[in-house]
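J.: Structure file structure17.cif, mmCIF, C-alpha atoms, pLDDT in the B column; chains and numbers go by the auth columns, is pasted below:
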data_input
#
loop_
_atom_site.group_PDB
_atom_site.id
_atom_site.type_symbol
_atom_site.label_atom_id
_atom_site.label_comp_id
_atom_site.label_asym_id
_atom_site.label_seq_id
_atom_site.Cartn_x
_atom_site.Cartn_y
_atom_site.Cartn_z
_atom_site.B_iso_or_equiv
_atom_site.auth_seq_id
_atom_site.auth_asym_id
ATOM 1 C CA MET A 1 -25.578 0.617 -70.457 65.00 1 L
ATOM 2 C CA CYS A 2 -24.181 -0.541 -73.777 84.00 2 L
ATOM 3 C CA GLU A 3 -26.084 -2.378 -76.509 92.00 3 L
ATOM 4 C CA LEU A 4 -25.180 -5.553 -78.344 96.00 4 L
ATOM 5 C CA LEU A 5 -25.934 -6.794 -81.854 96.00 5 L
ATOM 6 C CA ALA A 6 -24.868 -10.087 -83.394 97.00 6 L
ATOM 7 C CA MET A 7 -25.727 -12.261 -86.350 98.00 7 L
ATOM 8 C CA SER A 8 -25.411 -15.939 -87.230 98.00 8 L
ATOM 9 C CA ALA A 9 -26.306 -17.059 -90.763 97.00 9 L
ATOM 10 C CA ASN A 10 -26.042 -20.154 -92.934 97.00 10 L
ATOM 11 C CA VAL A 11 -24.904 -18.116 -95.949 96.00 11 L
ATOM 12 C CA PRO A 12 -22.693 -15.019 -96.160 95.00 12 L
ATOM 13 C CA THR A 13 -25.061 -12.180 -95.257 94.00 13 L
ATOM 14 C CA ASP A 14 -24.587 -8.469 -94.709 92.00 14 L
ATOM 15 C CA ILE A 15 -25.790 -6.737 -91.561 91.00 15 L
ATOM 16 C CA CYS A 16 -26.304 -3.290 -93.108 91.00 16 L
ATOM 17 C CA PHE A 17 -30.022 -3.166 -92.281 89.00 17 L
ATOM 18 C CA SER A 18 -29.719 -4.049 -88.594 93.00 18 L
ATOM 19 C CA PHE A 19 -26.591 -1.956 -88.091 90.00 19 L
ATOM 20 C CA SER A 20 -28.331 1.066 -89.628 91.00 20 L
ATOM 21 C CA GLY A 21 -30.776 0.928 -86.732 91.00 21 L
ATOM 22 C CA LEU A 22 -28.232 0.182 -84.036 88.00 22 L
ATOM 23 C CA MET A 23 -25.881 3.017 -85.016 85.00 23 L
ATOM 24 C CA GLN A 24 -28.643 5.591 -84.460 90.00 24 L
ATOM 25 C CA ARG A 25 -28.766 4.560 -80.789 89.00 25 L
ATOM 26 C CA GLY A 26 -25.148 5.636 -80.495 86.00 26 L
ATOM 27 C CA GLY A 27 -25.713 9.335 -79.823 83.00 27 L
ATOM 28 C CA ASN A 28 -28.952 9.971 -81.728 84.00 28 L
ATOM 29 C CA THR A 29 -31.962 7.910 -80.578 87.00 29 L
ATOM 30 C CA GLY A 30 -29.981 6.492 -77.652 83.00 30 L
ATOM 31 C CA PRO A 31 -27.293 7.584 -75.162 83.00 31 L
ATOM 32 C CA HIS A 32 -24.582 5.093 -76.181 85.00 32 L
ATOM 33 C CA LYS A 33 -22.132 7.727 -77.443 87.00 33 L
ATOM 34 C CA ASP A 34 -18.839 6.391 -76.074 89.00 34 L
ATOM 35 C CA GLY A 35 -17.682 4.388 -79.067 92.00 35 L
ATOM 36 C CA TRP A 36 -18.722 1.474 -81.199 93.00 36 L
ATOM 37 C CA GLY A 37 -17.259 -1.518 -82.986 95.00 37 L
ATOM 38 C CA VAL A 38 -18.127 -4.390 -85.294 97.00 38 L
ATOM 39 C CA THR A 39 -16.328 -7.592 -86.279 97.00 39 L
ATOM 40 C CA PHE A 40 -17.106 -9.594 -89.426 97.00 40 L
ATOM 41 C CA TYR A 41 -15.864 -13.129 -89.979 97.00 41 L
ATOM 42 C CA GLU A 42 -14.754 -14.435 -93.354 92.00 42 L
ATOM 43 C CA GLY A 43 -13.722 -18.049 -92.940 88.00 43 L
ATOM 44 C CA LYS A 44 -11.011 -18.118 -90.271 88.00 44 L
ATOM 45 C CA GLY A 45 -10.228 -14.469 -90.853 94.00 45 L
ATOM 46 C CA CYS A 46 -12.069 -11.470 -89.484 96.00 46 L
ATOM 47 C CA ARG A 47 -12.103 -7.759 -90.058 94.00 47 L
ATOM 48 C CA SER A 48 -12.943 -5.280 -87.343 95.00 48 L
ATOM 49 C CA PHE A 49 -13.978 -1.620 -87.393 95.00 49 L
ATOM 50 C CA LYS A 50 -13.859 0.453 -84.203 95.00 50 L
ATOM 51 C CA ASP A 51 -14.259 4.108 -83.318 94.00 51 L
ATOM 52 C CA PRO A 52 -14.377 5.763 -79.870 94.00 52 L
ATOM 53 C CA LYS A 53 -16.678 8.406 -81.386 92.00 53 L
ATOM 54 C CA PRO A 54 -20.503 8.090 -81.335 91.00 54 L
ATOM 55 C CA SER A 55 -21.694 5.690 -84.026 92.00 55 L
ATOM 56 C CA ALA A 56 -24.505 8.051 -85.092 87.00 56 L
ATOM 57 C CA HIS A 57 -21.871 10.599 -86.128 89.00 57 L
ATOM 58 C CA SER A 58 -19.039 8.320 -87.217 92.00 58 L
ATOM 59 C CA PRO A 59 -17.978 8.295 -90.897 91.00 59 L
ATOM 60 C CA ILE A 60 -16.653 4.766 -90.336 91.00 60 L
ATOM 61 C CA ALA A 61 -20.067 3.610 -89.106 91.00 61 L
ATOM 62 C CA GLU A 62 -21.646 5.230 -92.149 90.00 62 L
ATOM 63 C CA LEU A 63 -19.276 3.193 -94.316 89.00 63 L
ATOM 64 C CA VAL A 64 -20.400 -0.030 -92.603 89.00 64 L
ATOM 65 C CA THR A 65 -24.061 0.732 -93.381 88.00 65 L
ATOM 66 C CA LYS A 66 -23.277 1.174 -97.079 85.00 66 L
ATOM 67 C CA TYR A 67 -20.590 -1.465 -97.658 84.00 67 L
ATOM 68 C CA PRO A 68 -22.335 -4.866 -97.770 83.00 68 L
ATOM 69 C CA MET A 69 -19.649 -7.014 -96.166 91.00 69 L
ATOM 70 C CA LYS A 70 -21.073 -10.521 -96.160 93.00 70 L
ATOM 71 C CA SER A 71 -20.396 -12.831 -93.247 96.00 71 L
ATOM 72 C CA GLU A 72 -21.811 -15.849 -91.437 97.00 72 L
ATOM 73 C CA ALA A 73 -20.974 -14.393 -88.013 98.00 73 L
ATOM 74 C CA VAL A 74 -20.970 -10.751 -86.882 97.00 74 L
ATOM 75 C CA VAL A 75 -20.619 -9.069 -83.477 98.00 75 L
ATOM 76 C CA CYS A 76 -21.418 -5.368 -82.895 96.00 76 L
ATOM 77 C CA HIS A 77 -21.369 -3.121 -79.833 94.00 77 L
ATOM 78 C CA ILE A 78 -22.238 0.479 -79.010 92.00 78 L
ATOM 79 C CA ARG A 79 -20.835 1.764 -75.737 90.00 79 L
ATOM 80 C CA GLN A 80 -22.066 3.817 -72.815 83.00 80 L
ATOM 81 C CA ALA A 81 -18.933 3.863 -70.679 78.00 81 L
ATOM 82 C CA ASN A 82 -19.055 2.873 -67.018 80.00 82 L
ATOM 83 C CA SER A 83 -15.679 1.169 -66.561 80.00 83 L
ATOM 84 C CA GLY A 84 -12.577 2.515 -68.265 81.00 84 L
ATOM 85 C CA GLY A 85 -12.099 5.718 -70.216 90.00 85 L
ATOM 86 C CA VAL A 86 -13.437 6.499 -73.672 92.00 86 L
ATOM 87 C CA CYS A 87 -10.619 5.435 -75.970 95.00 87 L
ATOM 88 C CA LEU A 88 -9.897 2.974 -78.740 95.00 88 L
ATOM 89 C CA GLU A 89 -8.393 0.257 -76.542 96.00 89 L
ATOM 90 C CA ASN A 90 -11.563 0.190 -74.425 96.00 90 L
ATOM 91 C CA THR A 91 -13.862 -0.091 -77.434 96.00 91 L
ATOM 92 C CA HIS A 92 -15.678 -3.388 -78.010 95.00 92 L
ATOM 93 C CA PRO A 93 -15.666 -5.970 -79.475 98.00 93 L
ATOM 94 C CA PHE A 94 -12.425 -7.455 -78.172 98.00 94 L
ATOM 95 C CA ILE A 95 -10.539 -10.047 -80.237 97.00 95 L
ATOM 96 C CA ARG A 96 -8.004 -12.629 -79.086 97.00 96 L
ATOM 97 C CA GLN A 97 -6.508 -15.719 -80.718 96.00 97 L
ATOM 98 C CA MET A 98 -6.894 -19.176 -79.226 96.00 98 L
ATOM 99 C CA TRP A 99 -6.668 -22.661 -80.735 96.00 99 L
ATOM 100 C CA GLY A 100 -5.830 -21.152 -84.113 95.00 100 L
ATOM 101 C CA LYS A 101 -9.020 -19.077 -84.202 96.00 101 L
ATOM 102 C CA ASN A 102 -9.993 -15.471 -83.684 97.00 102 L
ATOM 103 C CA TRP A 103 -12.327 -15.211 -80.686 98.00 103 L
ATOM 104 C CA THR A 104 -14.546 -12.121 -80.438 98.00 104 L
ATOM 105 C CA TYR A 105 -16.314 -10.900 -77.310 98.00 105 L
ATOM 106 C CA ALA A 106 -18.659 -8.035 -76.460 97.00 106 L
ATOM 107 C CA HIS A 107 -20.301 -7.277 -73.108 96.00 107 L
ATOM 108 C CA ASN A 108 -23.214 -5.183 -71.882 94.00 108 L
ATOM 109 C CA GLY A 109 -23.323 -4.512 -68.144 93.00 109 L
ATOM 110 C CA GLN A 110 -21.158 -3.602 -65.204 93.00 110 L
ATOM 111 C CA LEU A 111 -19.116 -5.849 -62.894 95.00 111 L
ATOM 112 C CA LYS A 112 -18.025 -5.191 -59.304 95.00 112 L
ATOM 113 C CA GLU A 113 -14.731 -6.329 -57.797 95.00 113 L
ATOM 114 C CA PHE A 114 -13.820 -8.005 -61.087 96.00 114 L
ATOM 115 C CA SER A 115 -10.068 -7.716 -60.564 94.00 115 L
ATOM 116 C CA GLU A 116 -10.240 -9.619 -57.277 96.00 116 L
ATOM 117 C CA LYS A 117 -12.978 -12.098 -58.193 96.00 117 L
ATOM 118 C CA LEU A 118 -11.661 -12.887 -61.689 97.00 118 L
ATOM 119 C CA PRO A 119 -7.878 -13.292 -61.376 97.00 119 L
ATOM 120 C CA ILE A 120 -5.983 -13.547 -64.657 97.00 120 L
ATOM 121 C CA LYS A 121 -2.430 -14.628 -65.519 96.00 121 L
ATOM 122 C CA LEU A 122 -2.149 -15.688 -69.162 96.00 122 L
ATOM 123 C CA HIS A 123 -4.336 -13.321 -71.153 96.00 123 L
ATOM 124 C CA LEU A 124 -3.695 -9.741 -70.041 96.00 124 L
ATOM 125 C CA PRO A 125 -6.046 -6.890 -70.961 96.00 125 L
ATOM 126 C CA ILE A 126 -4.900 -4.116 -73.262 97.00 126 L
ATOM 127 C CA GLY A 127 -7.453 -1.630 -71.932 96.00 127 L
ATOM 128 C CA THR A 128 -9.000 -0.989 -68.528 96.00 128 L
ATOM 129 C CA THR A 129 -12.613 -2.198 -68.835 96.00 129 L
ATOM 130 C CA ASP A 130 -14.333 -4.812 -66.716 95.00 130 L
ATOM 131 C CA SER A 131 -15.535 -6.323 -70.010 96.00 131 L
ATOM 132 C CA GLU A 132 -12.119 -7.077 -71.453 97.00 132 L
ATOM 133 C CA HIS A 133 -10.920 -8.316 -68.063 97.00 133 L
ATOM 134 C CA ALA A 134 -13.801 -10.825 -67.969 98.00 134 L
ATOM 135 C CA PHE A 135 -12.969 -11.960 -71.516 98.00 135 L
ATOM 136 C CA CYS A 136 -9.343 -12.558 -70.553 98.00 136 L
ATOM 137 C CA TRP A 137 -10.503 -14.506 -67.494 98.00 137 L
ATOM 138 C CA ILE A 138 -12.684 -16.720 -69.688 98.00 138 L
ATOM 139 C CA LEU A 139 -9.749 -17.447 -71.994 98.00 139 L
ATOM 140 C CA ASP A 140 -7.552 -18.291 -69.003 98.00 140 L
ATOM 141 C CA GLN A 141 -10.180 -20.737 -67.736 98.00 141 L
ATOM 142 C CA LEU A 142 -10.466 -22.377 -71.165 98.00 142 L
ATOM 143 C CA HIS A 143 -6.712 -22.869 -71.240 97.00 143 L
ATOM 144 C CA TYR A 144 -6.649 -24.391 -67.742 97.00 144 L
ATOM 145 C CA LYS A 145 -9.583 -26.681 -68.551 98.00 145 L
ATOM 146 C CA PHE A 146 -8.748 -27.877 -72.063 98.00 146 L
ATOM 147 C CA GLY A 147 -5.093 -27.063 -72.708 95.00 147 L
ATOM 148 C CA ALA A 148 -3.880 -26.869 -76.287 92.00 148 L
ATOM 149 C CA GLN A 149 -6.718 -28.868 -77.851 93.00 149 L
ATOM 150 C CA GLN A 150 -10.106 -27.295 -78.514 95.00 150 L
ATOM 151 C CA PRO A 151 -12.897 -29.638 -77.367 96.00 151 L
ATOM 152 C CA GLN A 152 -16.126 -30.395 -79.186 96.00 152 L
ATOM 153 C CA ALA A 153 -18.506 -27.460 -79.391 95.00 153 L
ATOM 154 C CA GLU A 154 -21.121 -28.904 -77.026 92.00 154 L
ATOM 155 C CA VAL A 155 -18.544 -29.499 -74.296 96.00 155 L
ATOM 156 C CA LEU A 156 -16.809 -26.169 -74.852 97.00 156 L
ATOM 157 C CA PHE A 157 -19.816 -23.892 -74.774 97.00 157 L
ATOM 158 C CA LYS A 158 -21.523 -25.648 -71.883 95.00 158 L
ATOM 159 C CA PHE A 159 -18.343 -24.960 -69.931 97.00 159 L
ATOM 160 C CA ILE A 160 -18.398 -21.338 -71.094 97.00 160 L
ATOM 161 C CA ALA A 161 -21.982 -21.173 -69.805 95.00 161 L
ATOM 162 C CA THR A 162 -20.772 -22.115 -66.318 95.00 162 L
ATOM 163 C CA LEU A 163 -18.216 -19.318 -66.524 96.00 163 L
ATOM 164 C CA THR A 164 -20.841 -16.770 -67.541 94.00 164 L
ATOM 165 C CA TRP A 165 -22.861 -17.544 -64.439 92.00 165 L
ATOM 166 C CA LYS A 166 -19.840 -16.801 -62.267 94.00 166 L
ATOM 167 C CA ILE A 167 -19.325 -13.494 -64.058 96.00 167 L
ATOM 168 C CA ASP A 168 -23.018 -12.651 -63.767 95.00 168 L
ATOM 169 C CA GLU A 169 -22.768 -12.912 -59.990 95.00 169 L
ATOM 170 C CA LEU A 170 -20.577 -9.781 -60.054 96.00 170 L
ATOM 171 C CA GLY A 171 -23.244 -7.531 -61.561 95.00 171 L
ATOM 172 C CA VAL A 172 -24.811 -7.441 -65.016 94.00 172 L
ATOM 173 C CA ALA A 173 -23.289 -9.574 -67.767 95.00 173 L
ATOM 174 C CA ASN A 174 -25.114 -9.837 -71.067 96.00 174 L
ATOM 175 C CA PHE A 175 -22.582 -10.921 -73.646 94.00 175 L
ATOM 176 C CA ILE A 176 -21.753 -12.441 -76.995 98.00 176 L
ATOM 177 C CA ILE A 177 -18.732 -14.639 -77.713 98.00 177 L
ATOM 178 C CA THR A 178 -17.875 -16.350 -81.008 98.00 178 L
ATOM 179 C CA ASP A 179 -15.080 -18.180 -82.778 97.00 179 L
ATOM 180 C CA GLY A 180 -16.585 -17.329 -86.172 97.00 180 L
ATOM 181 C CA GLU A 181 -18.388 -20.663 -86.454 97.00 181 L
ATOM 182 C CA TYR A 182 -20.388 -20.873 -83.236 98.00 182 L
ATOM 183 C CA LEU A 183 -21.974 -17.848 -81.591 98.00 183 L
ATOM 184 C CA PHE A 184 -22.844 -17.939 -77.869 98.00 184 L
ATOM 185 C CA ALA A 185 -25.262 -15.433 -76.320 98.00 185 L
ATOM 186 C CA TYR A 186 -25.867 -15.102 -72.576 97.00 186 L
ATOM 187 C CA CYS A 187 -28.610 -12.975 -71.022 97.00 187 L
ATOM 188 C CA SER A 188 -28.208 -11.403 -67.617 96.00 188 L
ATOM 189 C CA ASN A 189 -31.186 -9.068 -67.853 95.00 189 L
ATOM 190 C CA ASN A 190 -31.865 -7.904 -71.412 95.00 190 L
ATOM 191 C CA LEU A 191 -31.287 -9.729 -74.688 97.00 191 L
ATOM 192 C CA HIS A 192 -33.576 -10.538 -77.634 98.00 192 L
ATOM 193 C CA TRP A 193 -33.301 -12.657 -80.772 98.00 193 L
ATOM 194 C CA LEU A 194 -35.203 -13.563 -83.911 97.00 194 L
ATOM 195 C CA THR A 195 -34.642 -15.959 -86.797 97.00 195 L
ATOM 196 C CA ARG A 196 -35.557 -15.021 -90.354 96.00 196 L
ATOM 197 C CA ARG A 197 -36.313 -17.852 -92.752 95.00 197 L
ATOM 198 C CA ALA A 198 -38.665 -18.574 -95.654 93.00 198 L
ATOM 199 C CA PRO A 199 -41.252 -17.310 -96.232 93.00 199 L
ATOM 200 C CA PHE A 200 -39.469 -13.982 -95.810 92.00 200 L
ATOM 201 C CA GLY A 201 -41.368 -10.732 -95.379 91.00 201 L
ATOM 202 C CA LYS A 202 -40.833 -7.039 -94.849 93.00 202 L
ATOM 203 C CA ALA A 203 -39.261 -5.374 -91.817 95.00 203 L
ATOM 204 C CA SER A 204 -39.015 -1.764 -90.653 95.00 204 L
ATOM 205 C CA LEU A 205 -36.426 -0.300 -88.292 94.00 205 L
ATOM 206 C CA ILE A 206 -37.507 1.411 -85.085 94.00 206 L
ATOM 207 C CA ASP A 207 -34.648 3.930 -85.030 90.00 207 L
ATOM 208 C CA ALA A 208 -34.479 4.920 -88.699 89.00 208 L
ATOM 209 C CA GLU A 209 -36.889 5.338 -91.580 89.00 209 L
ATOM 210 C CA VAL A 210 -35.583 2.243 -93.328 90.00 210 L
ATOM 211 C CA ALA A 211 -37.525 -0.807 -94.450 92.00 211 L
ATOM 212 C CA VAL A 212 -36.538 -3.877 -96.443 92.00 212 L
ATOM 213 C CA ASP A 213 -38.364 -6.699 -98.175 91.00 213 L
ATOM 214 C CA PHE A 214 -36.240 -9.735 -97.337 92.00 214 L
ATOM 215 C CA HIS A 215 -38.128 -11.815 -99.897 87.00 215 L
ATOM 216 C CA LYS A 216 -36.315 -9.846 -102.606 88.00 216 L
ATOM 217 C CA GLU A 217 -32.919 -10.145 -100.920 85.00 217 L
ATOM 218 C CA THR A 218 -32.833 -13.844 -99.990 89.00 218 L
ATOM 219 C CA THR A 219 -33.343 -17.394 -101.198 91.00 219 L
ATOM 220 C CA ASP A 220 -35.676 -19.990 -99.710 92.00 220 L
ATOM 221 C CA LYS A 221 -32.709 -21.750 -98.098 95.00 221 L
ATOM 222 C CA ASP A 222 -31.381 -18.725 -96.190 96.00 222 L
ATOM 223 C CA ILE A 223 -31.513 -18.734 -92.381 97.00 223 L
ATOM 224 C CA VAL A 224 -30.410 -15.632 -90.467 97.00 224 L
ATOM 225 C CA THR A 225 -30.591 -15.079 -86.714 98.00 225 L
ATOM 226 C CA VAL A 226 -30.136 -11.620 -85.212 98.00 226 L
ATOM 227 C CA ILE A 227 -29.444 -11.066 -81.512 97.00 227 L
ATOM 228 C CA ALA A 228 -29.845 -7.599 -79.995 97.00 228 L
ATOM 229 C CA THR A 229 -30.123 -5.970 -76.598 96.00 229 L
ATOM 230 C CA LYS A 230 -33.444 -4.443 -77.645 95.00 230 L
ATOM 231 C CA PRO A 231 -35.569 -5.224 -80.740 95.00 231 L
ATOM 232 C CA LEU A 232 -34.473 -3.285 -83.795 95.00 232 L
ATOM 233 C CA THR A 233 -37.698 -3.680 -85.799 96.00 233 L
ATOM 234 C CA ASP A 234 -41.317 -3.081 -84.830 93.00 234 L
ATOM 235 C CA ASP A 235 -43.046 -5.481 -87.223 92.00 235 L
ATOM 236 C CA GLU A 236 -41.265 -8.757 -86.422 95.00 236 L
ATOM 237 C CA THR A 237 -41.590 -11.161 -83.498 94.00 237 L
ATOM 238 C CA TRP A 238 -38.560 -10.953 -81.217 97.00 238 L
ATOM 239 C CA HIS A 239 -37.944 -13.517 -78.480 97.00 239 L
ATOM 240 C CA LYS A 240 -36.856 -12.090 -75.126 97.00 240 L
ATOM 241 C CA MET A 241 -34.330 -14.272 -73.328 97.00 241 L
ATOM 242 C CA GLY A 242 -34.867 -14.855 -69.633 96.00 242 L
ATOM 243 C CA ALA A 243 -32.309 -13.953 -66.992 95.00 243 L
ATOM 244 C CA GLY A 244 -29.648 -16.652 -66.791 95.00 244 L
ATOM 245 C CA HIS A 245 -30.579 -18.131 -70.179 96.00 245 L
ATOM 246 C CA TRP A 246 -28.094 -18.813 -72.959 97.00 246 L
ATOM 247 C CA HIS A 247 -28.298 -19.883 -76.599 97.00 247 L
ATOM 248 C CA LEU A 248 -25.662 -21.359 -78.881 98.00 248 L
ATOM 249 C CA PHE A 249 -26.148 -20.524 -82.559 98.00 249 L
ATOM 250 C CA CYS A 250 -24.494 -22.019 -85.629 98.00 250 L
ATOM 251 C CA LEU A 251 -25.287 -21.215 -89.250 97.00 251 L
ATOM 252 C CA GLY A 252 -28.380 -19.285 -88.198 97.00 252 L
ATOM 253 C CA GLU A 253 -29.911 -21.984 -86.007 97.00 253 L
ATOM 254 C CA SER A 254 -30.143 -22.246 -82.233 97.00 254 L
ATOM 255 C CA ILE A 255 -28.488 -25.629 -81.690 96.00 255 L
ATOM 256 C CA SER A 256 -28.374 -25.636 -77.894 96.00 256 L
ATOM 257 C CA CYS A 257 -29.678 -23.615 -74.968 95.00 257 L
ATOM 258 C CA GLY A 258 -29.748 -23.668 -71.205 94.00 258 L
ATOM 259 C CA VAL A 259 -30.460 -21.735 -68.034 90.00 259 L
ATOM 260 C CA GLU A 260 -28.570 -21.022 -64.844 73.00 260 L
ATOM 261 C CA SER A 261 -29.396 -23.691 -62.282 58.00 261 L
#
In structure tokens, write the structure found in this file.

T.:
Amino acid sequence: MCELLAMSANVPTDICFSFSGLMQRGGNTGPHKDGWGVTFYEGKGCRSFKDPKPSAHSPIAELVTKYPMKSEAVVCHIRQANSGGVCLENTHPFIRQMWGKNWTYAHNGQLKEFSEKLPIKLHLPIGTTDSEHAFCWILDQLHYKFGAQQPQAEVLFKFIATLTWKIDELGVANFIITDGEYLFAYCSNNLHWLTRRAPFGKASLIDAEVAVDFHKETTDKDIVTVIATKPLTDDETWHKMGAGHWHLFCLGESISCGVES
């Protein structure tokens, strides 16, 4: 399957360290060789880099590891294709506009009978993946439920949680969705997270010979949460999310969570 990586921070932060580990799993230390993508938010704007080539051998991915683009919300994905061909339009993350914001979505898993079980009318997919289809279905449901006015975050994301459970019934559906301010993570079977805050220490990547002393790179007020399919470091404490669990992050903090009932 694919792998996810996301970040929520209270100050603009680069994701070079974590992405350096993730990209190696895209055709080097892992089998996820069918493309990769990353979206960085800067205020209401976002910039996205995608490549249907393996991230471990992509010059664009190499650029991302060396160009410290600072953001408070980031979503990354490396793909092992199981639905839809290997091409740019099927490469995650997917971005759509709603309520004057750029919404970004990435999915790890596989869904059965998604076209029949998740009918869509308003937001049509560009590619042919089950992942993008599910994203479009979510956006349709948000439109039907709330219309032209975005509700408060607590109401909105608790409703999104109910939608994720319906999607999860069709197979495996670990995913990340964000509007650049709030970042929602849902675990179907495999998702981990950790929060870095003072006192900061050192961390070493599992997939690359790279280590960093965050004490030298941060201030005492910094809070950074990283979400990943599998832990990226071997000397930090990662929290494994249970099946059916979700977390809502904002500015690096988990502000709400729940579980499928």

J.: Between L:Thr178, L:Asn82, L:Asn90, L:Gln152, which residue has the minimum interatomic distance to Asn102 of chain L, considering only C-alpha atoms?

T.: L:Thr178

J.: Applied to this file, what does the PyMOL selection byres ((chain L and resi 185) around 7) return in terms of residues, put as a compact mmCIF listing (two decimals) with C-alpha atoms, in the coordinates of the input?

T.:
# COMPACT_ATOMS: atom_id res chain seq x y z
CA PHE L 175 -22.58 -10.92 -73.65
CA ILE L 176 -21.75 -12.44 -77.00
CA ILE L 177 -18.73 -14.64 -77.71
CA LEU L 183 -21.97 -17.85 -81.59
CA PHE L 184 -22.84 -17.94 -77.87
CA TYR L 186 -25.87 -15.10 -72.58
CA CYS L 187 -28.61 -12.98 -71.02
CA TRP L 246 -28.09 -18.81 -72.96
CA HIS L 247 -28.30 -19.88 -76.60
CA LEU L 248 -25.66 -21.36 -78.88

J.: Any chance you could work out the residue set of the PyMOL selection byres ((chain L and resi 118) around 8) here, as a list in words?

T.: Phe114, Ser115, Glu116, Lys117, Pro119, Ile120, His133, Ala134 and Trp137 of chain L

J.: Near segment 156-173 of chain L, within 10 Å and counting all atoms listed in the file, which residues show up once chain neighbours fewer than 6 positions away are dropped, as a ChimeraX atom specification?

T.: /L:1,106-114,117-118,131,134-135,137-139,141-142,145-146,150,182-190,243-248,256-261

J.: Within 8 Å of segment 231-239 of chain L, counting only C-alpha atoms, which residues qualify if same-chain residues fewer than 4 places away don't, as a PyMOL selection string?

T.: chain L and resi 18+21-22+192-194+203-207

J.: Excluding segment 36-47 of chain L and any residue of its chain fewer than 4 positions from it, enumerate the residues within 8 Å of it, using all atoms listed in the file, and give them as a count of residues only.

T.: 24

J.: For atom CA of Pro125 of chain L and atom CA of Gly85 of chain L, quote the distance in Å rounded to one decimal.

T.: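 These two atoms are separated by 14.0 Å.
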
J.: Would you fill out segment 41-52 of chain L with N, CA and C atoms and return it as a CSV table (one decimal), in the coordinates of the input?

T.:
chain,number,residue,atom,x,y,z
L,41,TYR,N,-16.7,-12.0,-89.7
L,41,TYR,CA,-15.9,-13.1,-90.0
L,41,TYR,C,-16.0,-13.5,-91.4
L,42,GLU,N,-14.8,-13.9,-92.0
L,42,GLU,CA,-14.8,-14.4,-93.4
L,42,GLU,C,-13.9,-15.7,-93.3
L,43,GLY,N,-14.5,-16.8,-93.2
L,43,GLY,CA,-13.7,-18.0,-92.9
L,43,GLY,C,-13.0,-18.0,-91.6
L,44,LYS,N,-11.7,-18.2,-91.5
L,44,LYS,CA,-11.0,-18.1,-90.3
L,44,LYS,C,-10.5,-16.7,-90.0
L,45,GLY,N,-10.7,-15.9,-91.0
L,45,GLY,CA,-10.2,-14.5,-90.9
L,45,GLY,C,-11.4,-13.6,-90.4
L,46,CYS,N,-11.0,-12.4,-89.9
L,46,CYS,CA,-12.1,-11.5,-89.5
L,46,CYS,C,-11.5,-10.1,-89.7
L,47,ARG,N,-12.5,-9.2,-89.9
L,47,ARG,CA,-12.1,-7.8,-90.1
L,47,ARG,C,-12.9,-7.0,-89.0
L,48,SER,N,-12.3,-6.0,-88.4
L,48,SER,CA,-12.9,-5.3,-87.3
L,48,SER,C,-12.8,-3.8,-87.6
L,49,PHE,N,-13.9,-3.1,-87.3
L,49,PHE,CA,-14.0,-1.6,-87.4
L,49,PHE,C,-14.4,-1.1,-86.0
L,50,LYS,N,-13.6,-0.1,-85.5
L,50,LYS,CA,-13.9,0.5,-84.2
L,50,LYS,C,-13.7,2.0,-84.3
L,51,ASP,N,-14.4,2.7,-83.4
L,51,ASP,CA,-14.3,4.1,-83.3
L,51,ASP,C,-14.7,4.5,-81.9
L,52,PRO,N,-13.9,5.3,-81.2
L,52,PRO,CA,-14.4,5.8,-79.9
L,52,PRO,C,-15.4,6.9,-80.0
